[in-house]
Every structure is written in C-alpha cells, then in structure tokens.
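Dropping structure-v5.tsv in here (TSV, C-alpha atoms):
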```tsv
chain	number	residue	atom	x	y	z
A	1	MET	CA	82.52	117.73	82.08
A	2	THR	CA	82.71	121.42	81.19
A	3	THR	CA	81.44	123.66	83.97
A	4	ILE	CA	79.54	126.77	82.86
A	5	ALA	CA	78.71	129.61	85.23
A	6	PHE	CA	75.55	131.28	83.92
A	7	ILE	CA	74.86	134.71	85.39
A	8	GLY	CA	71.42	136.20	84.73
A	9	LEU	CA	68.53	133.73	84.56
A	10	GLY	CA	65.70	135.97	83.37
A	11	ILE	CA	63.31	135.63	80.44
A	12	MET	CA	66.18	134.83	78.08
A	13	GLY	CA	68.89	133.50	80.37
A	14	GLY	CA	66.74	130.94	82.16
A	15	PRO	CA	65.81	128.92	79.06
A	16	MET	CA	69.34	129.25	77.66
A	17	ALA	CA	70.88	127.85	80.84
A	18	ALA	CA	68.36	125.00	80.83
A	19	HIS	CA	69.34	124.05	77.27
A	20	LEU	CA	72.98	123.85	78.35
A	21	VAL	CA	72.01	121.51	81.20
A	22	ASP	CA	70.13	119.38	78.67
A	23	ALA	CA	73.25	119.32	76.48
A	24	GLY	CA	75.23	117.74	79.30
A	25	TYR	CA	77.10	120.71	80.72
A	26	ASP	CA	77.55	121.27	84.45
A	27	VAL	CA	75.73	124.59	84.79
A	28	VAL	CA	76.02	126.77	87.90
A	29	GLY	CA	73.40	129.52	87.89
A	30	CYS	CA	73.46	132.89	89.63
A	31	ASN	CA	70.68	135.49	89.60
A	32	LEU	CA	69.58	138.52	91.62
A	33	SER	CA	66.36	136.74	92.64
A	34	ARG	CA	66.46	133.21	94.02
A	35	PRO	CA	63.38	131.67	92.32
A	36	ALA	CA	65.12	131.68	88.92
A	37	VAL	CA	68.08	129.83	90.44
A	38	ASP	CA	65.73	127.31	92.03
A	39	ARG	CA	64.11	126.63	88.65
A	40	LEU	CA	67.52	125.87	87.16
A	41	VAL	CA	68.32	123.53	90.06
A	42	GLU	CA	65.01	121.72	89.52
A	43	HIS	CA	66.03	121.32	85.86
A	44	GLY	CA	69.29	119.64	86.84
A	45	GLY	CA	71.68	122.54	87.23
A	46	ARG	CA	73.35	123.91	90.33
A	47	GLY	CA	72.79	127.22	92.07
A	48	THR	CA	74.66	129.84	94.04
A	49	ASN	CA	73.96	133.31	95.38
A	50	SER	CA	77.41	134.69	94.52
A	51	VAL	CA	79.04	135.55	91.21
A	52	ALA	CA	82.44	134.94	92.79
A	53	GLU	CA	81.39	131.44	93.87
A	54	ALA	CA	79.74	130.66	90.53
A	55	VAL	CA	82.83	131.51	88.46
A	56	ALA	CA	85.56	130.17	90.76
A	57	GLU	CA	85.77	126.71	89.19
A	58	ALA	CA	84.08	127.45	85.87
A	59	ASP	CA	85.63	126.69	82.50
A	60	VAL	CA	83.17	129.04	80.80
A	61	VAL	CA	81.24	132.04	82.12
A	62	ILE	CA	78.13	133.38	80.37
A	63	THR	CA	76.35	136.59	81.30
A	64	MET	CA	72.83	137.60	80.28
A	65	VAL	CA	72.16	140.80	82.23
A	66	PRO	CA	70.15	143.93	81.39
A	67	ASP	CA	72.58	146.76	80.62
A	68	SER	CA	76.15	148.01	80.24
A	69	PRO	CA	76.67	148.92	83.93
A	70	ASP	CA	75.52	145.43	84.91
A	71	VAL	CA	78.11	143.81	82.65
A	72	GLU	CA	80.83	146.13	83.93
A	73	GLY	CA	79.93	145.32	87.53
A	74	VAL	CA	79.77	141.57	86.99
A	75	ALA	CA	82.93	141.41	84.88
A	76	LEU	CA	85.16	144.05	86.46
A	77	GLY	CA	83.97	144.30	90.08
A	78	ALA	CA	85.87	143.01	93.09
A	79	ASP	CA	83.36	140.15	93.43
A	80	GLY	CA	83.16	139.67	89.67
A	81	ILE	CA	84.43	137.43	86.95
A	82	PHE	CA	87.95	138.68	86.29
A	83	ALA	CA	88.78	138.89	90.00
A	84	ASN	CA	87.60	135.38	90.82
A	85	ALA	CA	87.64	133.11	87.76
A	86	LYS	CA	90.65	131.11	86.63
A	87	PRO	CA	92.91	132.77	84.02
A	88	GLY	CA	92.20	131.24	80.63
A	89	THR	CA	88.46	131.01	81.35
A	90	LEU	CA	86.24	131.72	78.35
A	91	TYR	CA	83.84	134.59	79.04
A	92	ILE	CA	80.82	134.92	76.73
A	93	ASP	CA	78.62	137.99	77.21
A	94	CYS	CA	75.17	137.46	75.69
A	95	SER	CA	73.77	140.73	77.06
A	96	SER	CA	72.91	143.66	74.79
A	97	ILE	CA	75.20	146.53	75.75
A	98	ARG	CA	77.11	149.47	74.28
A	99	PRO	CA	79.79	148.40	71.79
A	100	ASP	CA	82.41	150.64	73.46
A	101	VAL	CA	81.75	149.01	76.84
A	102	SER	CA	82.00	145.57	75.23
A	103	ARG	CA	85.40	146.47	73.75
A	104	ARG	CA	86.63	147.85	77.07
A	105	VAL	CA	85.57	144.70	78.94
A	106	ALA	CA	87.27	142.54	76.29
A	107	ASP	CA	90.48	144.57	76.53
A	108	GLU	CA	90.53	144.27	80.32
A	109	GLY	CA	89.78	140.56	80.21
A	110	THR	CA	92.46	139.88	77.61
A	111	ALA	CA	95.02	141.84	79.64
A	112	ARG	CA	94.21	139.64	82.64
A	113	GLY	CA	94.49	136.35	80.74
A	114	PHE	CA	90.85	135.65	79.85
A	115	ARG	CA	89.25	134.80	76.52
A	116	VAL	CA	86.36	137.24	75.91
A	117	VAL	CA	83.58	136.97	73.34
A	118	ASP	CA	80.53	139.20	72.91
A	119	ALA	CA	77.55	137.20	71.68
A	120	PRO	CA	74.29	139.17	71.94
A	121	VAL	CA	71.19	137.32	70.81
A	122	SER	CA	67.98	138.03	68.93
A	123	GLY	CA	64.78	136.03	68.86
A	124	GLY	CA	63.04	136.97	72.08
A	125	GLU	CA	61.62	134.59	74.65
A	126	ILE	CA	60.37	132.19	71.98
A	127	GLY	CA	63.81	131.95	70.43
A	128	ALA	CA	65.36	131.31	73.84
A	129	VAL	CA	62.81	128.63	74.73
A	130	GLU	CA	63.11	126.90	71.35
A	131	ALA	CA	66.91	127.32	71.11
A	132	THR	CA	66.53	129.09	67.76
A	133	LEU	CA	68.24	132.37	68.62
A	134	SER	CA	70.23	134.39	66.13
A	135	ILE	CA	73.61	135.17	67.69
A	136	MET	CA	76.00	137.90	66.54
A	137	VAL	CA	79.50	137.02	67.74
A	138	GLY	CA	82.42	139.38	68.21
A	139	GLY	CA	85.88	138.30	69.29
A	140	GLU	CA	89.20	136.85	68.25
A	141	PRO	CA	88.80	133.84	65.90
A	142	ASP	CA	90.33	131.29	68.31
A	143	ASP	CA	88.11	132.46	71.16
A	144	VAL	CA	85.01	132.40	68.96
A	145	ALA	CA	85.85	128.86	67.86
A	146	LEU	CA	85.85	127.78	71.52
A	147	ALA	CA	82.49	129.46	72.10
A	148	MET	CA	80.74	128.03	69.04
A	149	PRO	CA	79.87	124.53	70.40
A	150	ILE	CA	78.20	126.17	73.40
A	151	LEU	CA	76.35	128.81	71.40
A	152	GLU	CA	75.09	126.11	69.03
A	153	LYS	CA	73.14	124.62	71.95
A	154	VAL	CA	71.06	127.80	72.36
A	155	GLY	CA	70.91	129.27	68.85
A	156	ARG	CA	70.31	128.38	65.24
A	157	THR	CA	71.99	131.20	63.29
A	158	ILE	CA	75.40	131.93	64.79
A	159	VAL	CA	77.77	134.19	62.86
A	160	HIS	CA	81.18	135.61	63.71
A	161	VAL	CA	80.82	139.23	62.63
A	162	GLY	CA	84.19	140.70	63.59
A	163	PRO	CA	86.54	141.64	66.46
A	164	PRO	CA	85.51	142.29	70.08
A	165	GLY	CA	82.50	144.62	70.21
A	166	ALA	CA	81.35	143.80	66.68
A	167	GLY	CA	78.60	141.54	67.96
A	168	GLN	CA	77.16	144.42	69.96
A	169	THR	CA	77.30	146.72	66.94
A	170	VAL	CA	75.32	144.22	64.87
A	171	LYS	CA	72.86	143.76	67.75
A	172	ALA	CA	72.28	147.53	67.83
A	173	ALA	CA	71.44	147.40	64.12
A	174	ASN	CA	69.11	144.47	64.81
A	175	GLN	CA	67.24	146.44	67.47
A	176	LEU	CA	66.91	149.40	65.11
A	177	ILE	CA	65.27	147.19	62.49
A	178	VAL	CA	63.05	145.38	64.99
A	179	ALA	CA	61.70	148.57	66.56
A	180	GLY	CA	61.02	150.13	63.16
A	181	THR	CA	59.28	146.99	61.92
A	182	ILE	CA	57.09	146.70	65.02
A	183	GLU	CA	56.05	150.32	64.60
A	184	LEU	CA	55.08	149.79	60.94
A	185	VAL	CA	53.18	146.58	61.73
A	186	ALA	CA	51.34	148.43	64.51
A	187	GLU	CA	50.43	151.27	62.14
A	188	ALA	CA	49.23	148.77	59.52
A	189	ILE	CA	47.02	146.95	62.04
A	190	VAL	CA	45.35	150.15	63.28
A	191	PHE	CA	44.91	151.29	59.67
A	192	LEU	CA	43.26	147.98	58.68
A	193	GLU	CA	40.98	148.00	61.73
A	194	ALA	CA	39.84	151.53	60.92
A	195	TYR	CA	38.46	150.20	57.62
A	196	GLY	CA	36.82	147.13	59.16
A	197	VAL	CA	39.07	144.68	57.34
A	198	ASP	CA	39.36	141.08	58.54
A	199	THR	CA	42.70	141.70	60.21
A	200	GLU	CA	43.62	138.05	60.77
A	201	ALA	CA	43.14	137.38	57.06
A	202	ALA	CA	45.01	140.56	56.19
A	203	VAL	CA	47.99	139.59	58.35
A	204	ARG	CA	48.06	136.15	56.74
A	205	VAL	CA	48.25	137.50	53.20
A	206	LEU	CA	50.69	140.27	54.11
A	207	ALA	CA	53.00	137.73	55.72
A	208	GLY	CA	53.11	135.77	52.47
A	209	GLY	CA	54.24	138.68	50.29
A	210	LEU	CA	57.06	141.18	50.16
A	211	ALA	CA	55.79	142.73	53.40
A	212	GLY	CA	56.41	139.43	55.19
A	213	ASN	CA	58.63	139.66	58.27
A	214	ALA	CA	59.28	137.97	61.62
A	215	ILE	CA	57.16	140.54	63.48
A	216	LEU	CA	54.08	139.60	61.45
A	217	ASP	CA	54.87	135.93	62.03
A	218	ARG	CA	55.57	136.09	65.77
A	219	LYS	CA	53.91	139.20	67.16
A	220	ALA	CA	50.90	140.17	65.05
A	221	ALA	CA	48.47	137.61	66.50
A	222	ASN	CA	48.97	138.93	70.03
A	223	MET	CA	48.94	142.53	68.79
A	224	LEU	CA	45.48	141.90	67.32
A	225	LYS	CA	44.35	140.56	70.72
A	226	ARG	CA	46.06	143.42	72.60
A	227	GLU	CA	48.05	140.81	74.49
A	228	PHE	CA	51.37	142.37	75.50
A	229	THR	CA	52.83	139.85	77.96
A	230	PRO	CA	56.54	140.58	77.66
A	231	GLY	CA	58.82	138.48	75.53
A	232	PHE	CA	61.02	141.58	75.33
A	233	ARG	CA	60.09	144.56	77.45
A	234	ILE	CA	59.69	148.16	76.30
A	235	ASP	CA	62.16	149.10	79.06
A	236	LEU	CA	64.88	147.01	77.44
A	237	HIS	CA	64.13	148.19	73.91
A	238	HIS	CA	64.26	151.77	75.15
A	239	LYS	CA	67.76	151.02	76.46
A	240	ASP	CA	68.74	149.46	73.13
A	241	MET	CA	67.43	152.39	71.11
A	242	GLY	CA	69.58	154.63	73.28
A	243	ILE	CA	72.57	152.48	72.37
A	244	VAL	CA	71.94	152.65	68.61
A	245	THR	CA	71.15	156.36	68.49
A	246	SER	CA	74.26	157.17	70.52
A	247	ALA	CA	76.48	154.90	68.42
A	248	ALA	CA	75.06	156.31	65.19
A	249	ARG	CA	75.73	159.86	66.35
A	250	GLU	CA	79.29	158.91	67.30
A	251	ALA	CA	79.85	157.46	63.80
A	252	GLY	CA	78.19	160.41	62.06
A	253	VAL	CA	75.40	158.23	60.64
A	254	ALA	CA	71.91	159.68	60.19
A	255	ILE	CA	69.04	157.43	61.33
A	256	PRO	CA	66.02	159.75	60.97
A	257	LEU	CA	63.38	157.01	61.06
A	258	GLY	CA	65.16	155.15	63.83
A	259	ALA	CA	65.47	158.29	65.92
A	260	HIS	CA	61.74	158.91	65.55
A	261	VAL	CA	60.87	155.37	66.62
A	262	ALA	CA	63.24	155.77	69.57
A	263	GLN	CA	61.14	158.74	70.67
A	264	LEU	CA	57.94	156.71	70.34
A	265	VAL	CA	59.44	153.94	72.47
A	266	ALA	CA	60.57	156.52	75.04
A	267	SER	CA	57.11	158.09	75.11
A	268	LEU	CA	55.38	154.74	75.64
A	269	ARG	CA	57.76	153.99	78.49
A	270	ALA	CA	57.15	157.42	80.04
A	271	GLN	CA	53.43	156.63	80.06
A	272	GLY	CA	54.10	153.68	82.38
A	273	HIS	CA	54.17	150.86	79.83
A	274	GLY	CA	57.81	149.88	80.22
A	275	ALA	CA	57.00	146.39	81.52
A	276	LEU	CA	54.90	145.50	78.45
A	277	ASP	CA	56.18	143.69	75.38
A	278	HIS	CA	57.70	145.97	72.75
A	279	SER	CA	54.79	145.15	70.44
A	280	ALA	CA	52.80	147.48	72.73
A	281	LEU	CA	53.94	150.24	70.37
A	282	LEU	CA	50.49	149.52	68.98
A	283	LEU	CA	49.02	151.38	71.97
A	284	GLN	CA	50.93	154.48	70.93
A	285	VAL	CA	49.53	154.32	67.39
A	286	GLU	CA	45.99	153.94	68.78
A	287	GLN	CA	46.49	156.91	71.05
A	288	LEU	CA	47.83	159.11	68.27
A	289	SER	CA	44.88	158.03	66.12
A	290	GLY	CA	42.28	158.72	68.82
A	291	ARG	CA	41.28	155.06	68.75
A	292	ASN	CA	42.26	153.84	72.24
A	293	SER	CA	41.13	150.22	72.65
A	294	SER	CA	40.71	150.74	76.38
```
structure tokens encoding of this file:
Amino acid sequence: MTTIAFIGLGIMGGPMAAHLVDAGYDVVGCNLSRPAVDRLVEHGGRGTNSVAEAVAEADVVITMVPDSPDVEGVALGADGIFANAKPGTLYIDCSSIRPDVSRRVADEGTARGFRVVDAPVSGGEIGAVEATLSIMVGGEPDDVALAMPILEKVGRTIVHVGPPGAGQTVKAANQLIVAGTIELVAEAIVFLEAYGVDTEAAVRVLAGGLAGNAILDRKAANMLKREFTPGFRIDLHHKDMGIVTSAAREAGVAIPLGAHVAQLVASLRAQGHGALDHSALLLQVEQLSGRNSS
C-alpha cells in the first residue's frame, strides 16, 4: 500500500486527504491544529503532530498550505520534507505559491534526490469535497506521470502544463480570471437590484448565455443572499493577487484590470473582511454605490 503524508488539512486539504483514504491509500495527516487531524483519523487515516514523522516512511508527500513561506518551511526546514523523507520520494505541492519559489523548491528537491511536482488546484471547497478540482501540473514528465494516479483521485481536469513552476504560473492566471469575474458578477448583481429586477431569474438567464461562467453557477446564489461563508477566503485571494501582479510586473506584462481588482480585494481585506469568501467583493460594490445591505 502506498503511504501518503498529507500536510495541511484545511478547507481544501481535509477533503482531498479523505478522498485518498477512500481510494485505498495509507494517508498520514499533519496539520497545525489537531482537530483537522482527528477528523482524518475518524475517516480512516492516520495522524501525527510532526512533519518529520509524517514524511519519514512516506512514498508520496502532498502539501496544501497557505503561502510561499509555508511551503519553504515545510519543504526546506530542518524538520521538513527534504531533511526527513526518503530520497526518491515524490513530493506534490498543491498549495498556491509564487512560481519562482516553486522552481527553487523543485531545484533543491531534485538536487537532493526527490521527485518534485507543483500541482495547484482550482475549484474551491466544493471542488475539493466533490473531487472535481482542476489541477495545473508543473514538473518533469516522468515525475508528473507518477503523480497522475493520485491527482486523479481528487480532481477531474488534470493537465501537465510545463516544467517545474509552470503549474503555479497557470494558477496565478486562474486567480486573475476568478477575481475579475467575481467583481463583474458582483457589479451586475448590484446593478440589477438597483432596477428592481428579479435577480434569481436574471442570474438564471445570464448563466445560459455568453455571460455564463462558473462564478454565476457556483457563487451567485449565495451572493444574492449575502452569504459569504468561506469556500476561499479574501485573505488567500489577496495573497494570490499579489503573486500575479508581481509576476506580471517581472515579465513586463500589463494587467490594468487585474491590478484594479487586486486593489479592490486589498481594500476589502483592510476593512476587516479577510475571513469572508472572495465573493464578498459584492460588499465593496455596494459600498461604492452607497447601497450597503447592512
């Protein structure tokens, strides 16, 4: 039986690890807070409080942690993956981090005898729970081939997009599109409400035409109800918009609309809404329109 160490059992990582247990893998979970580990154990996995212990006998290590420094610490630290796992172990990072950090981690892992793949995901909590995530995979072809059977247990659309770090570059583009689309859906909803339109009916017909998109399908109903329980927090999207704006600047690419949306996300976070779902951009549109629902 393949043993998988899964580090980071949050909104996304918890359901992903549970799917791997269901697929028959021996999954050892590690998380900063113990309750998430206990939930995995109740589901049939195993738990530990130490990254070093989790990875020591693992054949595969997966990380799903919040940001670039977290990945660097878990992968490169004295108590981390490369210092404690067996050489030849496959390391799959499903976090969303800076492409340059992803490449540096891959280079270090390769130099120390590990197989390293970056595989950030898109689809939010629903995608994680339903195992329908879209996964952008970067890495060497042989390493990606080893990762594919595992990724297929947690995702539906899994594509090898290039060498190490390429997955993170595609994920940055994904987050650019998602933030922009949420902002436009939010503006459309506030606009429709201002004219007294039946917004549920409006969303239904918009979703069936050229304006149709996953945000209308998955987020609009809760946006209409002002229900912003996080599937993906503003805090995390703020981090991701920082990644894409920085990477675009480094490449000399202009993203005028994306940069503006990044500022709107940052402003919403500065107002204390970082723990809300990213669809809470609607609150910003209401505020700018003088139509606060509160």
- request: To one decimal in Å, tell me the separation between atom CA of A:Pro99 and atom CA of A:Leu276.
  value: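 That distance, rounded to one decimal, is 25.9 Å.
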- request: Between A:Ile11, A:Val117, A:Val185, A:Val197, single out the one closest to A:Met148, counting all atoms listed in the file.
  value: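 Checking each candidate against A:Met148, we get A:Val117 as the closest.
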Padding 8 Å on every side, please: axis-aligned box over the listed atoms of stretch 239-245 of chain A, centre and edge lengths to one decimal in Å, as AutoDock Vina command-line options.
```
--center_x 70.0 --center_y 152.9 --center_z 72.5 --size_x 21.1 --size_y 22.9 --size_z 24.0
```
query: Pick the closest to A:Ser68 from A:Ala18, A:Ile243, A:Ala83, A:Ala202: which is it, counting all atoms listed in the file?
result: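 Of A:Ala18, A:Ile243, A:Ala83, A:Ala202, the one nearest A:Ser68, counting all atoms listed in the file, is A:Ile243.
Interatomic distance, atom CA of A:Arg156 to atom CA of A:Val129: 12.1 Å.
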Would you list the residues near (58.4, 139.8, 75.8) (no more than 8 Å away, in the coordinates of the file, using only C-alpha atoms) as a compact mmCIF listing (two decimals) with C-alpha atoms, in the frame of the given file?
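part_4.txt, freshly written:
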```
# COMPACT_ATOMS: atom_id res chain seq x y z
CA ILE A 11 63.31 135.63 80.44
CA GLY A 124 63.04 136.97 72.08
CA GLU A 125 61.62 134.59 74.65
CA PHE A 228 51.37 142.37 75.50
CA THR A 229 52.83 139.85 77.96
CA PRO A 230 56.54 140.58 77.66
CA GLY A 231 58.82 138.48 75.53
CA PHE A 232 61.02 141.58 75.33
CA ARG A 233 60.09 144.56 77.45
CA LEU A 276 54.90 145.50 78.45
CA ASP A 277 56.18 143.69 75.38
CA HIS A 278 57.70 145.97 72.75
```
query: How far is it from atom CA of A:Ile7 to atom CA of A:Cys30, in Å with one decimal?
result: 4.8 Å
Please report as a Markdown table every residue of stretch 146-244 of chain A lying within 7 Å of stretch 255-269 of chain A, along with the nearest atom pair and their distance in Å (one decimal), using all atoms listed in the file.
```
| residue | atom | partner | partner_atom | distance |
| --- | --- | --- | --- | --- |
| A:Leu176 | CA | A:Gly258 | CA | 6.1 |
| A:Ala179 | CA | A:Val261 | CA | 6.9 |
| A:Gly180 | CA | A:Val261 | CA | 6.3 |
| A:Ile234 | CA | A:Arg269 | CA | 6.5 |
| A:Asp235 | CA | A:Arg269 | CA | 6.6 |
| A:His238 | CA | A:Val265 | CA | 5.9 |
| A:Met241 | CA | A:Ala262 | CA | 5.6 |
```
message: Around the point (87.9, 143.9, 62.4) (coordinates from the file), which residues reach within 10 Å if we count all atoms listed in the file? Answer as a PyMOL selection string.
response: chain A and resi 138-140+161-166
statement: Of A:Val65, A:Ala186, A:Ala214, A:Leu40, the one sitting nearest A:Ile97 when using all atoms listed in the file is A:Val65
message: With distances taken over all atoms listed in the file, which residue among A:Leu283, A:Ala207, A:Ala247, A:Ala78 lies nearest A:Glu183?
response: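 With all atoms listed in the file as the atom set, the closest residue is A:Leu283.
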task: Skip stretch 114-116 of chain A itself and residues of its chain fewer than 6 positions away, then list as a ChimeraX atom specification all residues within 8 Å of it, counting only C-alpha atoms.
output: /A:82,87-93,106,139,143,164
Mind writing the picked residues with C-alpha atoms as an mmCIF file, in the coordinates of the input?
```
data_model
loop_
_atom_site.group_PDB
_atom_site.id
_atom_site.type_symbol
_atom_site.label_atom_id
_atom_site.label_comp_id
_atom_site.auth_asym_id
_atom_site.auth_seq_id
_atom_site.Cartn_x
_atom_site.Cartn_y
_atom_site.Cartn_z
ATOM 1 C CA PHE A 82 87.950 138.680 86.290
ATOM 2 C CA PRO A 87 92.910 132.770 84.020
ATOM 3 C CA GLY A 88 92.200 131.240 80.630
ATOM 4 C CA THR A 89 88.460 131.010 81.350
ATOM 5 C CA LEU A 90 86.240 131.720 78.350
ATOM 6 C CA TYR A 91 83.840 134.590 79.040
ATOM 7 C CA ILE A 92 80.820 134.920 76.730
ATOM 8 C CA ASP A 93 78.620 137.990 77.210
ATOM 9 C CA ALA A 106 87.270 142.540 76.290
ATOM 10 C CA GLY A 139 85.880 138.300 69.290
ATOM 11 C CA ASP A 143 88.110 132.460 71.160
ATOM 12 C CA PRO A 164 85.510 142.290 70.080
#
```
query: If you count all atoms listed in the file, which residues fall within 9 Å of A:Val170, apart from same-chain ones fewer than 6 positions away, as a PyMOL selection string?
result: chain A and resi 120+136-137+161
message: Set the distance at 9 Å and use all atoms listed in the file: which residues neighbour A:Ile126 once local chain neighbours fewer than 4 positions away are removed? I'd like the list as a VMD selection string.
response: chain A and resid 12 130 to 133 218 231
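Distance check against A:Pro66 using all atoms listed in the file: of A:Asp240, A:Asp217, A:Glu250, A:Asp142, the minimum falls on A:Asp240.
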Using all atoms listed in the file: which of A:Glu200, A:Glu57, A:Asp70, A:Asp118 has the shortest distance to A:Lys171: A:Asp118
task: Extract, using all atoms listed in the file, all DNA, RNA and protein residues at most 10 Å from A:Asn49, discarding same-chain residues fewer than 6 positions from it, and format them as a ChimeraX atom specification.
output: /A:29-34,37
- prompt: Any idea what's packed within 7 Å of A:Tyr25, counting all atoms listed in the file, ignoring anything in its chain fewer than 4 positions away? Could you give it as a ChimeraX atom specification?
  reply: /A:1-4,20-21
